[in-house]
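Engineer: Below are the structure tokens for one structure; questions will follow.
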Amino acid sequence: MIRSLIWLIPFLLLAACAKEAEKTVSSSSHTDPAVAHLEHTEKLREEDAISAASAAASGNVMLPASFAIHCWEAEKDRPRVREACALAWSAVGEDSPAMAANLRSALGSRVIAIAAARQTTVVHSLNDFQIITLLHTLSAEAPWMRAFVMRTWLEVHMPHDLSVLISIQSALNLPSEAPDPLTAGAGYAVARALSLPAAESAITSYCPAGGSGPALTRCLRFLSALPDPRTATGLDPLARSFLPPHNDPGAILFRRSFPDRGRLLETYY
């Protein structure tokens with residue numbers, strides 16, 4: 001069971017990305033039992049070290065940067081332990097330029113790539129080659145993960161070289177018909193930022209003209225995935241043009257059925 005635990009952690013951690021929610025992090029010290037065992041992982045059996053890292057991540061206990069760095073340096077011969085420590089640090093670790101550099105150096109690892117994707121500051125620090133590497137490494141993950149990473153990277157970068165843009169589009173590899181509003185919304189934001197024609201086709205596939213009933217609900221779920229609470233960016237003019245009137249029966253039903261999603265759209269009416 002413990003051996004399989006490491007592969008479960010990424011999905012638990014990245015679920016927080018989709019929710020865009022604030023975390024409550026408990027106060028900790030170097031003697032906090034949730035992280036104490038991670039100070040010297042080399043003294044633990046592999047399974048015990050991985051279990052300790054999992055407990056720290058799932059418990060939202062701040063992992064001291066010194067612990068994460070020591071684990072990274074000491075566990076070169078036990079990559080699964082190193083990856084577990086990196087995931088724990090990416091969950092609620094102390095800010096650490098050294099750990100960020102460590103993740104950037106190992107983006108070819110699936111687990112390290114997921115840890116990097118979890119850290120906004122790490123994603124922001126990636127150069128063109130590194131973001132392409134990260135996207136390729138995440139190729140087997142859910143499309144929304146790649147779209148979310150790309151959307152985060154585009155907050156501070158804008159590729160102008162045509163060859164880089166083509167490589168990014170290839171590595172991003174979003175489905176032409178997104179399977180869910182989150183993937184579609186993130187993909188739309190990326191396409192708009194890169195001035196890709198896929199943006200308009202994405203929004204019209206979710207918001208057909210004159211849609212009502214279930215079709216309108218699907219459209220509004222898509223539109224509610226576009227605002228980004230982290231950057232206070234919201235609906236662009238194209239997206240706003242698909243909003244129904246505020247008193248439309250379908251819009252009223254949507255706000256009653258999905259109040260959290262409805263609040264994200266309220267300011268645009």
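If you're wondering about the labels, chains in the structure tokens are A, B, ... by order shown, residues count from 1 in each chain, ligands from 1 in order shown.
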Quick one: DSSP alpha helix (DSSP H) residues in range 144-254 of chain A, as JSON, numbers by chain?
Structural biologist: {"A": [144, 145, 146, 147, 148, 149, 150, 151, 152, 153, 162, 163, 164, 165, 166, 167, 168, 169, 170, 171, 172, 181, 182, 183, 184, 185, 186, 187, 188, 189, 190, 191, 192, 193, 198, 199, 200, 201, 202, 203, 204, 205, 206, 214, 215, 216, 217, 218, 219, 220, 221, 222, 223, 224, 237, 238, 239, 240, 249, 250, 251, 252, 253, 254]}
Engineer: Taking only residues of range 158-264 of chain A that have an atom at most 10 Å from an atom of range 125-134 of chain A, what is each one's shortest atom pair and its distance in Å to one decimal, using only C-alpha atoms, in chain and number order, as a Markdown table?
Structural biologist:
| residue | atom | partner | partner_atom | distance |
| --- | --- | --- | --- | --- |
| A:Met158 | CA | A:Asp128 | CA | 9.4 |
| A:Pro159 | CA | A:Asp128 | CA | 7.5 |
| A:Asp161 | CA | A:Asp128 | CA | 9.8 |
| A:Val164 | CA | A:Asp128 | CA | 7.0 |
| A:Leu165 | CA | A:Asp128 | CA | 9.2 |
| A:Ser167 | CA | A:Ile132 | CA | 7.0 |
| A:Ile168 | CA | A:Ile132 | CA | 5.7 |
| A:Gln169 | CA | A:Ile132 | CA | 9.1 |
| A:Ser170 | CA | A:Ile132 | CA | 8.9 |
| A:Ala171 | CA | A:Ile132 | CA | 6.1 |
| A:Leu172 | CA | A:Ile132 | CA | 8.0 |
Engineer: At a cut-off of 9 Å, using only C-alpha atoms, what residues contact Ile203 in chain A? Leave out same-chain residues fewer than 4 positions from it and give the result as a list in words.
Structural biologist: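 Counting only the stated atoms, we get Ala184, Gly185, Tyr188, Ala198, Ala199, Cys207, Pro208, Cys219, Phe222, Leu223, Leu238, Ala239 and Phe242 of chain A.
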Engineer: Now that the selection is made, can you save its residues with C-alpha atoms as a compact mmCIF listing (two decimals), in the first residue's frame?
Structural biologist:
# COMPACT_ATOMS: atom_id res chain seq x y z
CA ALA A 184 -11.98 24.20 -21.92
CA GLY A 185 -11.77 27.38 -19.85
CA TYR A 188 -9.51 29.14 -24.05
CA ALA A 198 -8.82 27.81 -31.38
CA ALA A 199 -10.11 30.33 -28.84
CA CYS A 207 -21.91 28.52 -26.13
CA PRO A 208 -23.98 28.05 -29.30
CA CYS A 219 -22.17 27.56 -21.54
CA PHE A 222 -17.60 27.17 -19.29
CA LEU A 223 -17.66 30.95 -18.84
CA LEU A 238 -15.46 38.00 -26.58
CA ALA A 239 -16.45 35.87 -23.58
CA PHE A 242 -21.92 35.19 -24.71
Engineer: Give me the residues near Arg240 in chain A as a PyMOL selection string, where near means some atom within 9 Å (using only C-alpha atoms) and where sequence neighbours in that chain fewer than 3 positions away do not count.
Structural biologist: chain A and resi 223+235-237+243-244+268-269
Engineer: Can you write out the residues you just picked, keeping N, CA, C and O atoms, as a PDB file, in the first residue's frame?
Structural biologist:
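Contents of again.pdb, as written:
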ATOM      1  N   LEU A 223     -18.032  29.556 -19.080  1.00  0.00           N
ATOM      2  CA  LEU A 223     -17.659  30.951 -18.844  1.00  0.00           C
ATOM      3  C   LEU A 223     -17.159  31.160 -17.412  1.00  0.00           C
ATOM      4  O   LEU A 223     -16.250  31.952 -17.168  1.00  0.00           O
ATOM      5  N   LEU A 235     -13.432  37.889 -17.601  1.00  0.00           N
ATOM      6  CA  LEU A 235     -13.925  37.617 -18.940  1.00  0.00           C
ATOM      7  C   LEU A 235     -13.485  38.716 -19.907  1.00  0.00           C
ATOM      8  O   LEU A 235     -13.677  39.900 -19.643  1.00  0.00           O
ATOM      9  N   ASP A 236     -12.912  38.317 -21.024  1.00  0.00           N
ATOM     10  CA  ASP A 236     -12.560  39.300 -22.041  1.00  0.00           C
ATOM     11  C   ASP A 236     -13.822  39.651 -22.835  1.00  0.00           C
ATOM     12  O   ASP A 236     -14.872  39.036 -22.663  1.00  0.00           O
ATOM     13  N   PRO A 237     -13.749  40.658 -23.695  1.00  0.00           N
ATOM     14  CA  PRO A 237     -14.946  41.092 -24.427  1.00  0.00           C
ATOM     15  C   PRO A 237     -15.631  39.976 -25.211  1.00  0.00           C
ATOM     16  O   PRO A 237     -16.868  39.920 -25.275  1.00  0.00           O
ATOM     17  N   LEU A 243     -22.602  36.061 -22.529  1.00  0.00           N
ATOM     18  CA  LEU A 243     -23.412  36.044 -21.310  1.00  0.00           C
ATOM     19  C   LEU A 243     -24.873  36.371 -21.642  1.00  0.00           C
ATOM     20  O   LEU A 243     -25.152  37.336 -22.361  1.00  0.00           O
ATOM     21  N   PRO A 244     -25.819  35.619 -21.111  1.00  0.00           N
ATOM     22  CA  PRO A 244     -27.235  35.954 -21.312  1.00  0.00           C
ATOM     23  C   PRO A 244     -27.610  37.133 -20.415  1.00  0.00           C
ATOM     24  O   PRO A 244     -26.854  37.492 -19.503  1.00  0.00           O
ATOM     25  N   TYR A 268     -19.863  40.682 -14.114  1.00  0.00           N
ATOM     26  CA  TYR A 268     -19.790  40.981 -15.547  1.00  0.00           C
ATOM     27  C   TYR A 268     -21.147  41.314 -16.158  1.00  0.00           C
ATOM     28  O   TYR A 268     -21.258  41.563 -17.354  1.00  0.00           O
ATOM     29  N   TYR A 269     -22.202  41.303 -15.322  1.00  0.00           N
ATOM     30  CA  TYR A 269     -23.526  41.630 -15.842  1.00  0.00           C
ATOM     31  C   TYR A 269     -23.730  43.138 -15.809  1.00  0.00           C
ATOM     32  O   TYR A 269     -23.224  43.829 -14.952  1.00  0.00           O
TER      33      TYR A 269
END
Engineer: Give me the residues within 10 Å of Leu154 in chain A as a PyMOL selection string, counting only C-alpha atoms and dropping any in the same chain fewer than 6 places off.
Structural biologist: chain A and resi 123-124+148+189-190+193-194
Engineer: Export N, CA and C atoms of the chosen residues as a short mmCIF file (atom, residue, chain, number, x, y, z; two decimals), in the first residue's frame?
Structural biologist:
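The new file again_22.cif reads:
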data_model
loop_
_atom_site.label_atom_id
_atom_site.label_comp_id
_atom_site.auth_asym_id
_atom_site.auth_seq_id
_atom_site.Cartn_x
_atom_site.Cartn_y
_atom_site.Cartn_z
N VAL A 123 6.77 27.69 -11.87
CA VAL A 123 6.27 27.78 -13.24
C VAL A 123 6.63 29.14 -13.84
N HIS A 124 6.48 30.20 -13.06
CA HIS A 124 6.82 31.54 -13.55
C HIS A 124 8.29 31.65 -13.92
N PHE A 148 -3.62 24.51 -17.26
CA PHE A 148 -3.44 25.33 -16.08
C PHE A 148 -1.99 25.80 -15.97
N ALA A 189 -8.30 30.41 -22.35
CA ALA A 189 -7.46 31.51 -21.88
C ALA A 189 -6.08 31.45 -22.52
N VAL A 190 -5.54 30.24 -22.66
CA VAL A 190 -4.23 30.08 -23.30
C VAL A 190 -4.31 30.47 -24.78
N ALA A 193 -4.48 34.19 -25.16
CA ALA A 193 -3.19 34.83 -24.87
C ALA A 193 -2.22 34.66 -26.03
N LEU A 194 -2.30 33.52 -26.71
CA LEU A 194 -1.40 33.24 -27.82
C LEU A 194 -1.99 33.65 -29.17
#
Engineer: With only C-alpha atoms as the counted atoms, please give the residues lying no more than 12 Å from Leu253 in chain A, apart from itself and same-chain residues fewer than 2 positions off, as a compact mmCIF listing (two decimals) with C-alpha atoms, in the first residue's frame.
Structural biologist:
# COMPACT_ATOMS: atom_id res chain seq x y z
CA SER A 212 -31.18 27.59 -23.49
CA GLY A 213 -31.88 24.99 -20.85
CA PRO A 214 -29.02 22.45 -20.42
CA LEU A 216 -27.10 27.44 -21.50
CA THR A 217 -26.04 25.80 -18.24
CA LEU A 220 -22.29 29.32 -18.17
CA HIS A 246 -29.03 38.82 -15.91
CA ASN A 247 -32.78 38.19 -15.65
CA ASP A 248 -32.77 35.33 -18.16
CA PRO A 249 -34.55 32.35 -16.53
CA GLY A 250 -31.63 30.09 -17.44
CA ALA A 251 -29.13 32.49 -15.84
CA ARG A 255 -27.00 31.01 -10.07
CA ARG A 256 -29.36 29.03 -7.84
CA SER A 257 -27.94 25.66 -8.89
CA PHE A 258 -24.26 26.65 -8.86
CA PRO A 259 -23.94 29.62 -6.47
CA ARG A 261 -19.83 29.45 -10.09
CA GLY A 262 -22.54 32.10 -10.41
Engineer: As a PyMOL selection string, please: the residues near Ala68 in chain A (cut-off 7 Å, only C-alpha atoms, same-chain neighbours under 2 positions excluded).
Structural biologist: chain A and resi 64-66+70-72+85-86+89
Engineer: Could you dump the residues just selected with N, CA, C and O atoms as a PDB file, in the first residue's frame?
Structural biologist:
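In the end it all went to part-v2.pdb:
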ATOM      1  N   PRO A  64      10.006  22.703   6.380  1.00  0.00           N
ATOM      2  CA  PRO A  64      11.158  23.601   6.324  1.00  0.00           C
ATOM      3  C   PRO A  64      11.971  23.377   5.051  1.00  0.00           C
ATOM      4  O   PRO A  64      12.176  22.232   4.636  1.00  0.00           O
ATOM      5  N   ALA A  65      12.410  24.455   4.436  1.00  0.00           N
ATOM      6  CA  ALA A  65      13.186  24.337   3.205  1.00  0.00           C
ATOM      7  C   ALA A  65      14.452  23.532   3.433  1.00  0.00           C
ATOM      8  O   ALA A  65      14.876  22.767   2.558  1.00  0.00           O
ATOM      9  N   SER A  66      15.051  23.667   4.620  1.00  0.00           N
ATOM     10  CA  SER A  66      16.292  22.931   4.899  1.00  0.00           C
ATOM     11  C   SER A  66      16.064  21.425   4.848  1.00  0.00           C
ATOM     12  O   SER A  66      16.935  20.666   4.400  1.00  0.00           O
ATOM     13  N   HIS A  70      17.910  19.060   2.122  1.00  0.00           N
ATOM     14  CA  HIS A  70      18.724  17.950   2.621  1.00  0.00           C
ATOM     15  C   HIS A  70      18.259  16.631   2.017  1.00  0.00           C
ATOM     16  O   HIS A  70      19.072  15.801   1.601  1.00  0.00           O
ATOM     17  N   CYS A  71      16.946  16.437   1.961  1.00  0.00           N
ATOM     18  CA  CYS A  71      16.397  15.214   1.374  1.00  0.00           C
ATOM     19  C   CYS A  71      16.810  15.097  -0.085  1.00  0.00           C
ATOM     20  O   CYS A  71      17.220  14.028  -0.551  1.00  0.00           O
ATOM     21  N   TRP A  72      16.719  16.185  -0.830  1.00  0.00           N
ATOM     22  CA  TRP A  72      17.077  16.176  -2.241  1.00  0.00           C
ATOM     23  C   TRP A  72      18.540  15.766  -2.421  1.00  0.00           C
ATOM     24  O   TRP A  72      18.866  14.965  -3.301  1.00  0.00           O
ATOM     25  N   CYS A  85       9.711  13.837  -1.167  1.00  0.00           N
ATOM     26  CA  CYS A  85      10.063  15.076  -0.459  1.00  0.00           C
ATOM     27  C   CYS A  85       9.732  16.303  -1.316  1.00  0.00           C
ATOM     28  O   CYS A  85       9.251  17.317  -0.804  1.00  0.00           O
ATOM     29  N   ALA A  86       9.986  16.209  -2.624  1.00  0.00           N
ATOM     30  CA  ALA A  86       9.684  17.325  -3.516  1.00  0.00           C
ATOM     31  C   ALA A  86       8.189  17.611  -3.558  1.00  0.00           C
ATOM     32  O   ALA A  86       7.759  18.771  -3.548  1.00  0.00           O
ATOM     33  N   TRP A  89       7.223  19.302  -0.326  1.00  0.00           N
ATOM     34  CA  TRP A  89       7.629  20.709  -0.350  1.00  0.00           C
ATOM     35  C   TRP A  89       6.707  21.520  -1.256  1.00  0.00           C
ATOM     36  O   TRP A  89       6.329  22.649  -0.929  1.00  0.00           O
TER      37      TRP A  89
END
Engineer: Report the residues of range 27-250 of chain A whose backbone DSSP state falls under strand (DSSP E or B), written as a PyMOL selection string.
Structural biologist: chain A and resi 61+63+93+228+233
Engineer: Suppose we keep all heavy atoms; can you now write the selection as a compact mmCIF listing (two decimals), in the first residue's frame?
Structural biologist:
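That gives us selection-v4.txt:
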# COMPACT_ATOMS: atom_id res chain seq x y z
N VAL A 61 1.18 20.72 6.68
CA VAL A 61 2.15 21.21 7.66
C VAL A 61 3.35 21.78 6.91
O VAL A 61 3.90 21.13 6.02
CB VAL A 61 2.59 20.09 8.61
CG1 VAL A 61 3.62 20.60 9.60
CG2 VAL A 61 1.39 19.53 9.36
N LEU A 63 6.69 22.50 5.52
CA LEU A 63 7.93 21.73 5.47
C LEU A 63 9.10 22.71 5.37
O LEU A 63 9.20 23.47 4.42
CB LEU A 63 7.93 20.81 4.26
CG LEU A 63 9.19 19.97 4.04
CD1 LEU A 63 9.40 19.01 5.20
CD2 LEU A 63 9.12 19.21 2.73
N GLY A 93 5.62 23.90 1.37
CA GLY A 93 6.99 24.10 1.80
C GLY A 93 7.35 25.57 1.93
O GLY A 93 6.71 26.44 1.34
N ASP A 228 -9.85 34.21 -13.32
CA ASP A 228 -8.72 33.67 -12.56
C ASP A 228 -8.54 34.47 -11.28
O ASP A 228 -8.03 35.59 -11.31
CB ASP A 228 -7.45 33.74 -13.40
CG ASP A 228 -6.29 32.98 -12.77
OD1 ASP A 228 -6.36 32.71 -11.56
OD2 ASP A 228 -5.32 32.67 -13.47
N THR A 233 -7.93 38.51 -13.21
CA THR A 233 -8.35 38.62 -14.61
C THR A 233 -9.68 37.92 -14.78
O THR A 233 -9.96 36.93 -14.12
CB THR A 233 -7.31 37.99 -15.56
OG1 THR A 233 -7.06 36.64 -15.14
CG2 THR A 233 -6.01 38.77 -15.54
Engineer: For CA of Met145 in chain A and CA of Thr121 in chain A, quote the distance in Å rounded to one decimal.
Structural biologist: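 Going from CA of Met145 in chain A over to CA of Thr121 in chain A, I get 16.1 Å.
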